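Student: Data: my_file-v9.txt, compact mmCIF, C-alpha atoms.
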```
# COMPACT_ATOMS: atom_id res chain seq x y z
CA MET I 30 89.09 130.23 6.01
CA LYS I 31 87.60 132.75 8.41
CA ASN I 32 88.34 136.15 9.88
CA PRO I 33 90.39 136.07 13.08
CA PRO I 34 88.07 135.89 16.13
CA ALA I 35 88.67 139.48 17.30
CA LEU I 36 87.67 140.77 13.87
CA GLU I 37 84.67 138.45 13.64
CA GLN I 38 83.53 139.66 17.06
CA LEU I 39 83.84 143.30 16.00
CA ILE I 40 81.85 142.66 12.79
CA ASN I 41 79.11 140.95 14.82
CA ALA I 42 79.10 143.76 17.37
CA LEU I 43 78.67 146.38 14.63
CA LYS I 44 75.56 144.55 13.41
CA VAL I 45 73.66 145.83 16.49
CA LEU I 46 73.57 149.24 14.78
CA PRO I 47 70.25 149.87 13.04
CA GLY I 48 70.42 149.41 9.26
CA VAL I 49 73.80 147.63 9.40
CA GLY I 50 73.93 144.13 7.90
CA PRO I 51 76.87 141.71 7.59
CA LYS I 52 78.43 143.36 4.50
CA THR I 53 78.22 146.89 5.88
CA ALA I 54 79.49 145.70 9.27
CA GLN I 55 82.51 144.13 7.58
CA ARG I 56 83.19 147.30 5.60
CA MET I 57 82.92 149.36 8.78
CA ALA I 58 85.28 147.05 10.68
CA PHE I 59 87.90 147.16 7.91
CA HIS I 60 87.57 150.94 7.72
CA LEU I 61 88.05 151.39 11.46
CA LEU I 62 91.01 149.01 11.71
CA GLN I 63 92.68 150.11 8.50
CA GLN I 64 92.00 153.81 8.14
CA ASP I 65 90.79 155.17 11.44
CA LYS I 66 92.14 153.47 14.53
CA SER I 67 91.91 156.67 16.56
CA GLY I 68 88.28 156.99 15.49
CA ALA I 69 87.66 153.43 16.68
CA GLN I 70 89.29 154.23 20.01
CA LYS I 71 87.14 157.37 20.38
CA LEU I 72 84.03 155.37 19.53
CA ALA I 73 84.80 152.76 22.19
CA GLN I 74 85.35 155.49 24.78
CA ALA I 75 82.25 157.46 23.76
CA LEU I 76 80.14 154.30 24.09
CA GLU I 77 81.51 153.63 27.57
CA ARG I 78 81.00 157.23 28.65
CA ALA I 79 77.45 157.42 27.27
CA LEU I 80 76.49 154.10 28.88
CA HIS I 81 77.92 155.25 32.17
CA ASN I 82 76.75 158.87 32.32
CA LEU I 83 73.47 159.18 30.45
CA ARG I 84 70.15 158.68 32.19
CA HIS I 85 66.65 159.96 31.55
CA CYS I 86 65.43 163.30 32.86
CA GLN I 87 63.10 162.54 35.78
CA ARG I 88 60.55 164.99 34.48
CA CYS I 89 60.59 164.91 30.67
CA ASN I 90 62.33 161.57 30.05
CA THR I 91 64.86 162.92 27.51
CA PHE I 92 68.53 161.90 27.74
CA SER I 93 70.33 163.89 30.40
CA GLU I 94 73.54 163.73 32.40
CA THR I 95 71.78 165.38 35.35
CA PRO I 96 68.61 164.19 37.17
CA LEU I 97 66.68 167.11 35.66
CA CYS I 98 67.55 168.25 32.12
CA PRO I 99 68.43 171.95 31.60
CA LEU I 100 65.09 172.63 29.92
CA CYS I 101 63.00 171.13 32.74
CA SER I 102 65.03 173.11 35.29
CA ASP I 103 64.37 176.38 33.44
CA SER I 104 61.77 178.33 35.46
CA LYS I 105 61.18 180.74 32.54
CA ARG I 106 59.37 178.02 30.53
CA GLN I 107 55.59 178.00 30.81
CA GLN I 108 54.64 175.30 33.29
CA GLN I 109 51.03 174.97 32.06
CA LEU I 110 51.91 173.69 28.54
CA LEU I 111 53.32 170.21 27.87
CA CYS I 112 54.33 169.07 24.39
CA VAL I 113 54.67 165.30 23.82
CA VAL I 114 57.23 164.24 21.18
CA GLU I 115 58.64 160.89 20.07
CA MET I 116 62.38 161.55 20.22
CA PRO I 117 64.89 164.15 21.48
CA ALA I 118 65.53 165.14 17.85
CA ASP I 119 61.88 166.27 17.58
CA LEU I 120 62.32 168.39 20.70
CA PHE I 121 65.37 170.09 19.16
CA THR I 122 63.50 170.78 15.94
CA LEU I 123 60.63 172.40 17.83
CA GLU I 124 63.09 174.47 19.86
CA GLN I 125 64.73 175.65 16.64
CA ALA I 126 61.32 176.74 15.35
CA LYS I 127 60.98 178.97 18.45
CA CYS I 128 57.20 178.47 18.43
CA PHE I 129 56.73 177.01 21.90
CA ASP I 130 57.89 178.06 25.34
CA GLY I 131 56.29 175.32 27.45
CA LEU I 132 57.82 172.04 28.57
CA TYR I 133 58.22 168.70 26.85
CA PHE I 134 57.74 165.02 27.41
CA VAL I 135 59.87 162.71 25.28
CA LEU I 136 58.36 159.25 24.76
CA MET I 137 61.66 157.81 23.44
CA GLY I 138 59.74 155.88 20.82
CA ARG I 139 56.38 155.35 19.21
CA ILE I 140 53.88 152.51 19.26
CA SER I 141 54.88 150.20 16.41
CA PRO I 142 53.35 146.71 16.37
CA LEU I 143 55.61 145.71 13.45
CA ASP I 144 58.70 146.38 15.58
CA ASN I 145 57.06 144.82 18.63
CA ILE I 146 56.83 148.17 20.41
CA GLY I 147 53.57 148.42 22.33
CA PRO I 148 52.07 151.03 24.66
CA HIS I 149 54.11 149.70 27.59
CA ASP I 150 57.40 150.35 25.81
CA ILE I 151 57.05 154.09 25.36
CA ASN I 152 56.93 155.37 28.93
CA LEU I 153 53.21 156.16 29.04
CA ASP I 154 53.16 155.53 32.82
CA LYS I 155 55.81 158.19 33.26
CA LEU I 156 53.80 160.55 31.03
CA LEU I 157 50.64 159.98 33.07
CA LEU I 158 52.57 160.69 36.25
CA ARG I 159 54.00 163.84 34.70
CA THR I 160 50.55 165.09 33.65
CA GLN I 161 49.40 164.99 37.27
CA GLU I 162 51.46 168.11 38.00
CA GLU I 163 49.08 170.80 39.16
CA ALA I 164 50.16 173.70 36.94
CA LEU I 165 49.43 171.75 33.75
CA GLN I 166 46.58 173.03 31.58
CA GLU I 167 47.11 171.62 28.08
CA VAL I 168 48.95 168.71 26.51
CA ILE I 169 49.99 169.23 22.87
CA ILE I 170 50.71 165.98 21.04
CA ALA I 171 53.48 166.41 18.47
CA THR I 172 54.27 162.83 17.45
CA ASN I 173 55.03 162.34 13.76
CA PHE I 174 52.27 162.12 11.16
CA THR I 175 53.30 158.60 10.23
CA ALA I 176 51.05 155.60 10.84
CA GLU I 177 52.97 154.81 14.04
CA GLY I 178 52.98 158.42 15.22
CA GLU I 179 49.23 158.73 14.61
CA VAL I 180 48.44 155.55 16.56
CA THR I 181 50.62 156.80 19.39
CA ALA I 182 48.88 160.19 19.35
CA HIS I 183 45.47 158.52 19.44
CA MET I 184 46.40 156.27 22.35
CA ILE I 185 47.82 159.16 24.38
CA SER I 186 44.90 161.48 23.73
CA GLU I 187 42.42 158.80 24.85
CA LEU I 188 44.38 158.17 28.06
CA LEU I 189 44.70 161.86 28.89
CA LYS I 190 41.12 162.82 28.00
CA GLU I 191 39.86 160.07 30.35
CA ARG I 192 41.70 161.94 33.08
CA GLY I 193 39.99 165.22 32.19
CA LEU I 194 43.03 166.90 30.61
CA GLN I 195 42.82 169.29 27.67
CA VAL I 196 44.60 167.63 24.75
CA SER I 197 45.50 169.03 21.31
CA ARG I 198 47.39 167.88 18.25
CA ILE I 199 49.70 170.06 16.13
CA ALA I 200 48.04 170.97 12.82
CA ARG I 201 48.39 169.23 9.50
CA GLY I 202 48.25 171.23 6.28
CA MET I 203 50.19 173.01 3.58
CA PRO I 204 53.79 173.95 4.35
CA VAL I 205 54.47 177.68 4.74
CA GLY I 206 55.57 178.97 1.33
CA GLY I 207 54.20 175.78 -0.25
CA GLU I 208 52.66 175.71 -3.72
CA LEU I 209 49.63 173.51 -4.36
CA GLU I 210 51.17 172.12 -7.54
CA TYR I 211 54.14 170.66 -5.70
CA VAL I 212 52.77 169.50 -2.38
CA ASP I 213 51.96 165.80 -1.99
CA LEU I 214 48.30 164.93 -2.55
CA GLY I 215 47.68 163.45 0.89
CA THR I 216 48.83 166.66 2.55
CA LEU I 217 46.75 168.76 0.15
CA ALA I 218 43.63 166.68 0.87
CA GLN I 219 44.17 167.06 4.64
CA ALA I 220 44.61 170.80 4.18
CA VAL I 221 41.20 170.91 2.50
CA TYR I 222 39.47 168.69 5.11
CA GLU I 223 40.93 170.68 7.97
CA ARG I 224 40.30 174.11 6.45
CA ARG I 225 39.69 177.00 8.88
CA GLY I 226 37.15 179.81 8.71
CA ILE I 227 38.55 183.24 7.87
CA GLY I 228 37.78 186.34 9.91
CA MET H 18 69.05 173.45 23.53
CA LYS H 19 71.54 170.68 22.81
CA ASN H 20 72.09 167.02 23.51
CA PRO H 21 73.98 166.31 26.75
CA PRO H 22 77.77 166.19 26.11
CA ALA H 23 78.10 162.39 26.52
CA LEU H 24 75.40 161.87 23.88
CA GLU H 25 76.84 164.51 21.55
CA GLN H 26 80.27 162.83 21.86
CA LEU H 27 78.79 159.42 21.01
CA ILE H 28 76.98 160.83 17.96
CA ASN H 29 80.21 162.45 16.75
CA ALA H 30 82.16 159.23 17.39
CA LEU H 31 79.66 157.19 15.32
CA LYS H 32 80.26 159.54 12.37
CA VAL H 33 83.69 157.94 11.86
CA LEU H 34 81.89 154.91 10.40
CA PRO H 35 81.83 154.96 6.61
CA GLY H 36 78.49 156.06 5.17
CA VAL H 37 77.22 157.41 8.50
CA GLY H 38 76.23 161.10 8.56
CA PRO H 39 74.85 163.22 11.41
CA LYS H 40 71.23 162.00 11.12
CA THR H 41 72.15 158.30 10.97
CA ALA H 42 74.66 158.72 13.79
CA GLN H 43 71.94 160.25 15.96
CA ARG H 44 69.53 157.43 15.12
CA MET H 45 72.23 154.85 15.94
CA ALA H 46 73.04 156.53 19.27
CA PHE H 47 69.36 156.63 20.29
CA HIS H 48 68.94 153.00 19.29
CA LEU H 49 71.95 151.84 21.29
CA LEU H 50 71.04 153.82 24.41
CA GLN H 51 67.34 153.15 24.26
CA GLN H 52 66.93 149.67 22.86
CA ASP H 53 70.24 147.86 23.03
CA LYS H 54 72.53 148.84 25.88
CA SER H 55 74.08 145.39 26.02
CA GLY H 56 74.80 145.64 22.29
CA ALA H 57 76.50 148.98 22.91
CA GLN H 58 78.58 147.43 25.67
CA LYS H 59 79.58 144.53 23.41
CA LEU H 60 80.50 146.97 20.65
CA ALA H 61 82.75 148.97 22.98
CA GLN H 62 84.48 145.77 24.14
CA ALA H 63 84.83 144.38 20.61
CA LEU H 64 86.44 147.62 19.45
CA GLU H 65 88.92 147.51 22.33
CA ARG H 66 89.73 143.85 21.71
CA ALA H 67 90.14 144.32 17.97
CA LEU H 68 92.35 147.38 18.40
CA HIS H 69 94.46 145.52 20.92
CA ASN H 70 94.74 142.07 19.32
CA LEU H 71 94.61 142.47 15.56
CA ARG H 72 97.73 143.00 13.51
CA HIS H 73 98.70 142.27 9.93
CA CYS H 74 100.05 138.89 8.83
CA GLN H 75 103.79 139.35 8.25
CA ARG H 76 103.59 137.48 4.99
CA CYS H 77 100.23 138.23 3.34
CA ASN H 78 99.22 141.41 5.18
CA THR H 79 95.68 140.29 6.03
CA PHE H 80 94.25 140.83 9.52
CA SER H 81 95.53 138.23 11.93
CA GLU H 82 95.81 137.67 15.66
CA THR H 83 99.02 135.72 15.14
CA PRO H 84 102.23 136.89 13.39
CA LEU H 85 101.51 134.51 10.50
CA CYS H 86 97.87 133.93 9.47
CA PRO H 87 96.60 130.31 9.33
CA LEU H 88 96.64 130.32 5.53
CA CYS H 89 100.25 131.51 5.23
CA SER H 90 101.32 128.89 7.79
CA ASP H 91 99.64 126.10 5.79
CA SER H 92 102.41 124.14 4.08
CA LYS H 93 99.90 122.38 1.82
CA ARG H 94 99.26 125.57 -0.18
CA GLN H 95 101.28 125.97 -3.37
CA GLN H 96 104.20 128.28 -2.60
CA GLN H 97 104.85 129.24 -6.24
CA LEU H 98 101.50 131.00 -6.81
CA LEU H 99 100.61 134.36 -5.26
CA CYS H 100 97.22 135.99 -5.72
CA VAL H 101 96.97 139.74 -4.99
CA VAL H 102 93.58 140.98 -3.75
CA GLU H 103 92.32 144.28 -2.39
CA MET H 104 90.61 143.20 0.83
CA PRO H 105 90.25 140.15 3.13
CA ALA H 106 86.65 139.78 1.87
CA ASP H 107 88.02 139.14 -1.65
CA LEU H 108 90.31 136.44 -0.27
CA PHE H 109 87.34 134.71 1.42
CA THR H 110 85.31 134.84 -1.78
CA LEU H 111 88.15 133.24 -3.74
CA GLU H 112 88.54 130.56 -1.07
CA GLN H 113 84.82 129.81 -1.29
CA ALA H 114 85.16 129.36 -5.06
CA LYS H 115 87.80 126.64 -4.38
CA CYS H 116 89.63 127.59 -7.59
CA PHE H 117 93.06 128.43 -6.18
CA ASP H 118 95.42 126.67 -3.81
CA GLY H 119 98.30 129.12 -3.77
CA LEU H 120 98.93 131.95 -1.32
CA TYR H 121 97.58 135.47 -1.14
CA PHE H 122 98.71 139.01 -0.64
CA VAL H 123 96.08 141.42 0.69
CA LEU H 124 96.72 145.06 -0.23
CA MET H 125 94.17 146.35 2.31
CA GLY H 126 93.01 148.94 -0.17
CA ARG H 127 93.19 150.15 -3.73
CA ILE H 128 94.75 153.17 -5.39
CA SER H 129 92.03 155.82 -5.37
CA PRO H 130 93.09 159.41 -6.10
CA LEU H 131 89.58 160.69 -5.26
CA ASP H 132 89.92 159.29 -1.72
CA ASN H 133 93.54 160.45 -1.52
CA ILE H 134 94.84 156.87 -1.52
CA GLY H 135 98.05 156.66 -3.57
CA PRO H 136 100.50 153.84 -4.32
CA HIS H 137 102.25 154.40 -0.98
CA ASP H 138 99.07 153.72 1.00
CA ILE H 139 98.42 150.16 -0.19
CA ASN H 140 101.46 148.27 1.07
CA LEU H 141 103.23 147.91 -2.29
CA ASP H 142 106.63 147.85 -0.52
CA LYS H 143 105.50 144.86 1.51
CA LEU H 144 104.22 143.18 -1.67
CA LEU H 145 107.56 143.74 -3.44
CA LEU H 146 109.37 142.25 -0.45
CA ARG H 147 107.00 139.28 -0.46
CA THR H 148 107.54 138.64 -4.18
CA GLN H 149 111.28 138.19 -3.55
CA GLU H 150 110.62 134.78 -1.98
CA GLU H 151 112.45 132.21 -4.06
CA ALA H 152 109.69 129.67 -4.61
CA LEU H 153 107.45 132.22 -6.32
CA GLN H 154 106.73 131.70 -10.03
CA GLU H 155 103.59 133.63 -10.86
CA VAL H 156 101.65 136.57 -9.42
CA ILE H 157 97.94 136.62 -10.23
CA ILE H 158 96.33 140.03 -9.83
CA ALA H 159 92.73 139.76 -8.63
CA THR H 160 91.86 143.35 -7.75
CA ASN H 161 88.32 144.41 -8.63
CA PHE H 162 87.37 145.42 -12.17
CA THR H 163 86.45 148.92 -11.04
CA ALA H 164 88.36 152.00 -12.20
CA GLU H 165 90.37 151.97 -8.95
CA GLY H 166 91.00 148.22 -9.07
CA GLU H 167 92.19 148.44 -12.67
CA VAL H 168 94.60 151.31 -11.92
CA THR H 169 95.93 149.31 -8.98
CA ALA H 170 96.36 146.19 -11.15
CA HIS H 171 98.20 148.19 -13.79
CA MET H 172 100.56 149.77 -11.25
CA ILE H 173 101.35 146.41 -9.62
CA SER H 174 101.90 144.58 -12.90
CA GLU H 175 104.33 147.28 -14.09
CA LEU H 176 106.30 147.10 -10.85
CA LEU H 177 106.49 143.30 -10.86
CA LYS H 178 107.29 142.92 -14.55
CA GLU H 179 110.23 145.33 -14.10
CA ARG H 180 111.54 142.80 -11.60
CA GLY H 181 111.23 139.93 -14.10
CA LEU H 182 108.23 138.25 -12.47
CA GLN H 183 105.51 136.47 -14.40
CA VAL H 184 102.28 138.42 -13.84
CA SER H 185 98.70 137.58 -14.84
CA ARG H 186 95.25 139.06 -14.34
CA ILE H 187 92.06 137.07 -13.67
CA ALA H 188 89.86 136.98 -16.79
CA ARG H 189 86.97 139.25 -17.66
CA GLY H 190 84.00 137.95 -19.61
CA MET H 191 80.54 136.45 -19.48
CA PRO H 192 79.40 134.98 -16.16
CA VAL H 193 79.02 131.20 -16.09
CA GLY H 194 75.39 130.45 -16.94
CA GLY H 195 74.99 134.02 -18.25
CA GLU H 196 72.70 134.90 -21.15
CA LEU H 197 73.81 137.52 -23.68
CA GLU H 198 70.46 139.29 -23.50
CA TYR H 199 70.78 140.01 -19.80
CA VAL H 200 74.48 140.69 -19.27
CA ASP H 201 75.60 144.33 -19.10
CA LEU H 202 76.94 145.72 -22.36
CA GLY H 203 80.41 146.59 -21.08
CA THR H 204 80.97 143.01 -19.95
CA LEU H 205 79.62 141.66 -23.24
CA ALA H 206 81.95 143.94 -25.23
CA GLN H 207 84.95 142.81 -23.15
CA ALA H 208 83.95 139.19 -23.68
CA VAL H 209 84.09 139.80 -27.44
CA TYR H 210 87.42 141.69 -27.37
CA GLU H 211 89.03 139.04 -25.19
CA ARG H 212 87.62 136.04 -27.07
CA ARG H 213 89.74 132.87 -27.01
CA GLY H 214 90.54 130.45 -29.84
CA ILE H 215 88.75 127.10 -29.63
CA GLY H 216 90.59 123.79 -30.01
```
Show the structure stored in the file as structure tokens.

Tutor:
Amino acid sequence: MKNPPALEQLINALKVLPGVGPKTAQRMAFHLLQQDKSGAQKLAQALERALHNLRHCQRCNTFSETPLCPLCSDSKRQQQLLCVVEMPADLFTLEQAKCFDGLYFVLMGRISPLDNIGPHDINLDKLLLRTQEEALQEVIIATNFTAEGEVTAHMISELLKERGLQVSRIARGMPVGGELEYVDLGTLAQAVYERRGIG
Amino acid sequence: MKNPPALEQLINALKVLPGVGPKTAQRMAFHLLQQDKSGAQKLAQALERALHNLRHCQRCNTFSETPLCPLCSDSKRQQQLLCVVEMPADLFTLEQAKCFDGLYFVLMGRISPLDNIGPHDINLDKLLLRTQEEALQEVIIATNFTAEGEVTAHMISELLKERGLQVSRIARGMPVGGELEYVDLGTLAQAVYERRGIG
């Protein structure tokens, strides 16, 4: 006794989603077919449209429907600052913080040997090409402070410093409004190691 | 600063999947577009095929690509026994246990007031119609032993008993091979209440 082939195929197809195993895939398939057929139809269409229309911005590598993304086409942004992030979501978070008015480069990943993602899989060639633009003065590395993000940051800073570029890393330390009692100990220790002189 | 529309649409479309919120949907969309475009293509096609080809078996209500599912068309199954389950997955589990050679009825759901799923949403009319078949002698209710499954079992048994049908419920109790020390207390208590005479 098995599922009909069309259902089995849908369950298998749903397993390509990250974090979705056979049981979840089956639950998702039943949900779509039983409770949300219009949602399933929208999903199929959205997948087709995204596959067809989305490419990478020629300059910053983020997802874009145009050759240059709106941010890279914005002449009001400071051309001499480039901030390197892992994913578009990181770019959005930085934009929400309104702390940076330069341009970005989105790696679309991080070096992660465990997931078989090496330096060649995160668009470093495209980054090196981008950093040859004349106006550029400083590259700020804003990958995550995870093991993978740190390795990625290290690799990029070595590559860029070889080429004589000024490279910096966003600071680690206590969160704004944070209380020592409640912050995690690793962060607290880093905040002590990386203390800054006052006045 | 926002995602391009095609990406935003895909993220929203992925949120129809059960258990998928905005953050997970975004992660899924990035994964599909970045690491698994062929998987995304297969998913779109599988959704289209499933929406187009799958219907419900006229007799047992499970998903089927044919008007009658293979199990309902199998004349070797006992026609006088009908087992009522919530979902196709439950049917497969019972088939794997090789404990039953009658036929099934799949509700495709359970009564669940919290999810706004009432008696009219779980195909009870189709079940009542099915139980009018002459050969039928006994209906075995095998919904889950969750609050929702129990309410559903109660509702079905009342409806069928009114119509003079013999109705039973699969047994609760200790698992085979189970040790008292390790079984959960609710199950142990039920096993005591529902004890059976020996010999």

Student: List as a ChimeraX atom specification the protein and nucleic acid residues near stretch 182-186 of chain I, meaning an atom at most 8 Å away when only C-alpha atoms are counted, but skip any in the same chain fewer than 5 places from it.

Tutor: /I:153,170-172,196-198

Student: Using all atoms listed in the file, find the residues of chain I whose closest atom to chain H is at most 6 Å away, then write them as JSON, numbers by chain.

Tutor: {"I": [33, 35, 36, 39, 42, 45, 46, 57, 68, 72, 73, 75, 79, 93]}

Student: What do you get for the Cα RMSD if chain H is superposed onto chain I using all Cα atoms in their order?

Tutor: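 Per the least-squares fit, the RMSD is 0.1 Å.
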
Student: Identify which of the residues I:Pro96, I:Pro204, I:Pro148, I:Gly193 lies closest to I:Gln161, counting all atoms listed in the file when measuring atom-to-atom distances.

Tutor: I:Gly193

Student: What's the 12 Å shell around I:Asp103, counting all atoms listed in the file, without same-chain residues fewer than 5 positions away, as a count of residues only?

Tutor: 8

Student: For the atom pair atom CA of I:Cys89 and atom CA of I:Asn152, what is the interatomic distance in Å to one decimal place?

Tutor: 10.4 Å

Student: For the atom pair atom CA of H:Val168 and atom CA of H:Ser129, what is the interatomic distance in Å to one decimal place?

Tutor: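 Straight-line distance from atom CA of H:Val168 to atom CA of H:Ser129 works out to 8.4 Å.
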
Student: Residues near I:Leu157, anyone? I mean within 12 Å using all atoms listed in the file, not counting same-chain ones fewer than 3 positions away, as a ChimeraX atom specification.

Tutor: /I:88-89,111,113,134,136,151-154,160-162,165,168,185-194

Student: Could you save those same residues with C-alpha atoms as a short mmCIF file (atom, residue, chain, number, x, y, z; two decimals), in the coordinates of the input?

Tutor:
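Final output, saved to out.cif:
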```
data_model
loop_
_atom_site.label_atom_id
_atom_site.label_comp_id
_atom_site.auth_asym_id
_atom_site.auth_seq_id
_atom_site.Cartn_x
_atom_site.Cartn_y
_atom_site.Cartn_z
CA ARG I 88 60.55 164.99 34.48
CA CYS I 89 60.59 164.91 30.67
CA LEU I 111 53.32 170.21 27.87
CA VAL I 113 54.67 165.30 23.82
CA PHE I 134 57.74 165.02 27.41
CA LEU I 136 58.36 159.25 24.76
CA ILE I 151 57.05 154.09 25.36
CA ASN I 152 56.93 155.37 28.93
CA LEU I 153 53.21 156.16 29.04
CA ASP I 154 53.16 155.53 32.82
CA THR I 160 50.55 165.09 33.65
CA GLN I 161 49.40 164.99 37.27
CA GLU I 162 51.46 168.11 38.00
CA LEU I 165 49.43 171.75 33.75
CA VAL I 168 48.95 168.71 26.51
CA ILE I 185 47.82 159.16 24.38
CA SER I 186 44.90 161.48 23.73
CA GLU I 187 42.42 158.80 24.85
CA LEU I 188 44.38 158.17 28.06
CA LEU I 189 44.70 161.86 28.89
CA LYS I 190 41.12 162.82 28.00
CA GLU I 191 39.86 160.07 30.35
CA ARG I 192 41.70 161.94 33.08
CA GLY I 193 39.99 165.22 32.19
CA LEU I 194 43.03 166.90 30.61
#
```

Student: Atom CA of H:Leu144 and atom CA of H:Asn78, how far apart in Å?

Tutor: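 Computing it gives 8.7 Å between the two atoms.
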
Student: Taking into account all atoms listed in the file, which residue in the set H:Arg213, H:Gln97, H:Arg189, H:Thr204 is nearest to H:Phe117?

Tutor: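 Once distances to H:Phe117 are computed over all atoms listed in the file, the minimum belongs to H:Gln97.
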
Student: Could you give me, as a PyMOL selection string, the residues within 9 Å of H:Gln207, counting all atoms listed in the file and dropping anything in the same chain fewer than 3 positions from it?

Tutor: chain H and resi 189-191+202-204+210-212

Student: Reconstruct N, CA, C and O atoms of stretch 154-165 of chain H from the incomplete input and present them as a PDB file, in the frame of the given file.

Tutor:
```
ATOM      1  N   GLN H 154     106.624 131.749  -8.567  1.00  0.00           N
ATOM      2  CA  GLN H 154     106.730 131.700 -10.030  1.00  0.00           C
ATOM      3  C   GLN H 154     105.766 132.635 -10.730  1.00  0.00           C
ATOM      4  O   GLN H 154     106.067 133.159 -11.790  1.00  0.00           O
ATOM      5  N   GLU H 155     104.578 132.820 -10.162  1.00  0.00           N
ATOM      6  CA  GLU H 155     103.590 133.630 -10.860  1.00  0.00           C
ATOM      7  C   GLU H 155     102.774 134.452  -9.859  1.00  0.00           C
ATOM      8  O   GLU H 155     102.385 133.953  -8.803  1.00  0.00           O
ATOM      9  N   VAL H 156     102.510 135.706 -10.226  1.00  0.00           N
ATOM     10  CA  VAL H 156     101.650 136.570  -9.420  1.00  0.00           C
ATOM     11  C   VAL H 156     100.354 136.809 -10.197  1.00  0.00           C
ATOM     12  O   VAL H 156     100.380 137.297 -11.326  1.00  0.00           O
ATOM     13  N   ILE H 157      99.243 136.426  -9.594  1.00  0.00           N
ATOM     14  CA  ILE H 157      97.940 136.620 -10.230  1.00  0.00           C
ATOM     15  C   ILE H 157      97.270 137.831  -9.589  1.00  0.00           C
ATOM     16  O   ILE H 157      97.056 137.854  -8.369  1.00  0.00           O
ATOM     17  N   ILE H 158      96.937 138.827 -10.397  1.00  0.00           N
ATOM     18  CA  ILE H 158      96.330 140.030  -9.830  1.00  0.00           C
ATOM     19  C   ILE H 158      94.819 139.905  -9.885  1.00  0.00           C
ATOM     20  O   ILE H 158      94.227 139.763 -10.963  1.00  0.00           O
ATOM     21  N   ALA H 159      94.185 139.930  -8.720  1.00  0.00           N
ATOM     22  CA  ALA H 159      92.730 139.760  -8.630  1.00  0.00           C
ATOM     23  C   ALA H 159      92.090 140.950  -7.927  1.00  0.00           C
ATOM     24  O   ALA H 159      91.175 140.789  -7.120  1.00  0.00           O
ATOM     25  N   THR H 160      92.567 142.160  -8.254  1.00  0.00           N
ATOM     26  CA  THR H 160      91.860 143.350  -7.750  1.00  0.00           C
ATOM     27  C   THR H 160      90.536 143.452  -8.502  1.00  0.00           C
ATOM     28  O   THR H 160      90.342 142.803  -9.527  1.00  0.00           O
ATOM     29  N   ASN H 161      89.634 144.266  -7.986  1.00  0.00           N
ATOM     30  CA  ASN H 161      88.320 144.410  -8.630  1.00  0.00           C
ATOM     31  C   ASN H 161      88.431 145.036 -10.025  1.00  0.00           C
ATOM     32  O   ASN H 161      89.418 145.696 -10.334  1.00  0.00           O
ATOM     33  N   PHE H 162      87.396 144.833 -10.838  1.00  0.00           N
ATOM     34  CA  PHE H 162      87.370 145.420 -12.170  1.00  0.00           C
ATOM     35  C   PHE H 162      86.670 146.782 -12.170  1.00  0.00           C
ATOM     36  O   PHE H 162      85.950 147.121 -13.088  1.00  0.00           O
ATOM     37  N   THR H 163      86.887 147.531 -11.104  1.00  0.00           N
ATOM     38  CA  THR H 163      86.450 148.920 -11.040  1.00  0.00           C
ATOM     39  C   THR H 163      87.586 149.798 -11.558  1.00  0.00           C
ATOM     40  O   THR H 163      88.699 149.313 -11.775  1.00  0.00           O
ATOM     41  N   ALA H 164      87.307 151.092 -11.744  1.00  0.00           N
ATOM     42  CA  ALA H 164      88.360 152.000 -12.200  1.00  0.00           C
ATOM     43  C   ALA H 164      89.561 151.927 -11.251  1.00  0.00           C
ATOM     44  O   ALA H 164      90.709 151.780 -11.683  1.00  0.00           O
ATOM     45  N   GLU H 165      89.286 151.983  -9.938  1.00  0.00           N
ATOM     46  CA  GLU H 165      90.370 151.970  -8.950  1.00  0.00           C
ATOM     47  C   GLU H 165      91.122 150.647  -8.964  1.00  0.00           C
ATOM     48  O   GLU H 165      92.352 150.621  -8.885  1.00  0.00           O
TER      49      GLU H 165
END
```
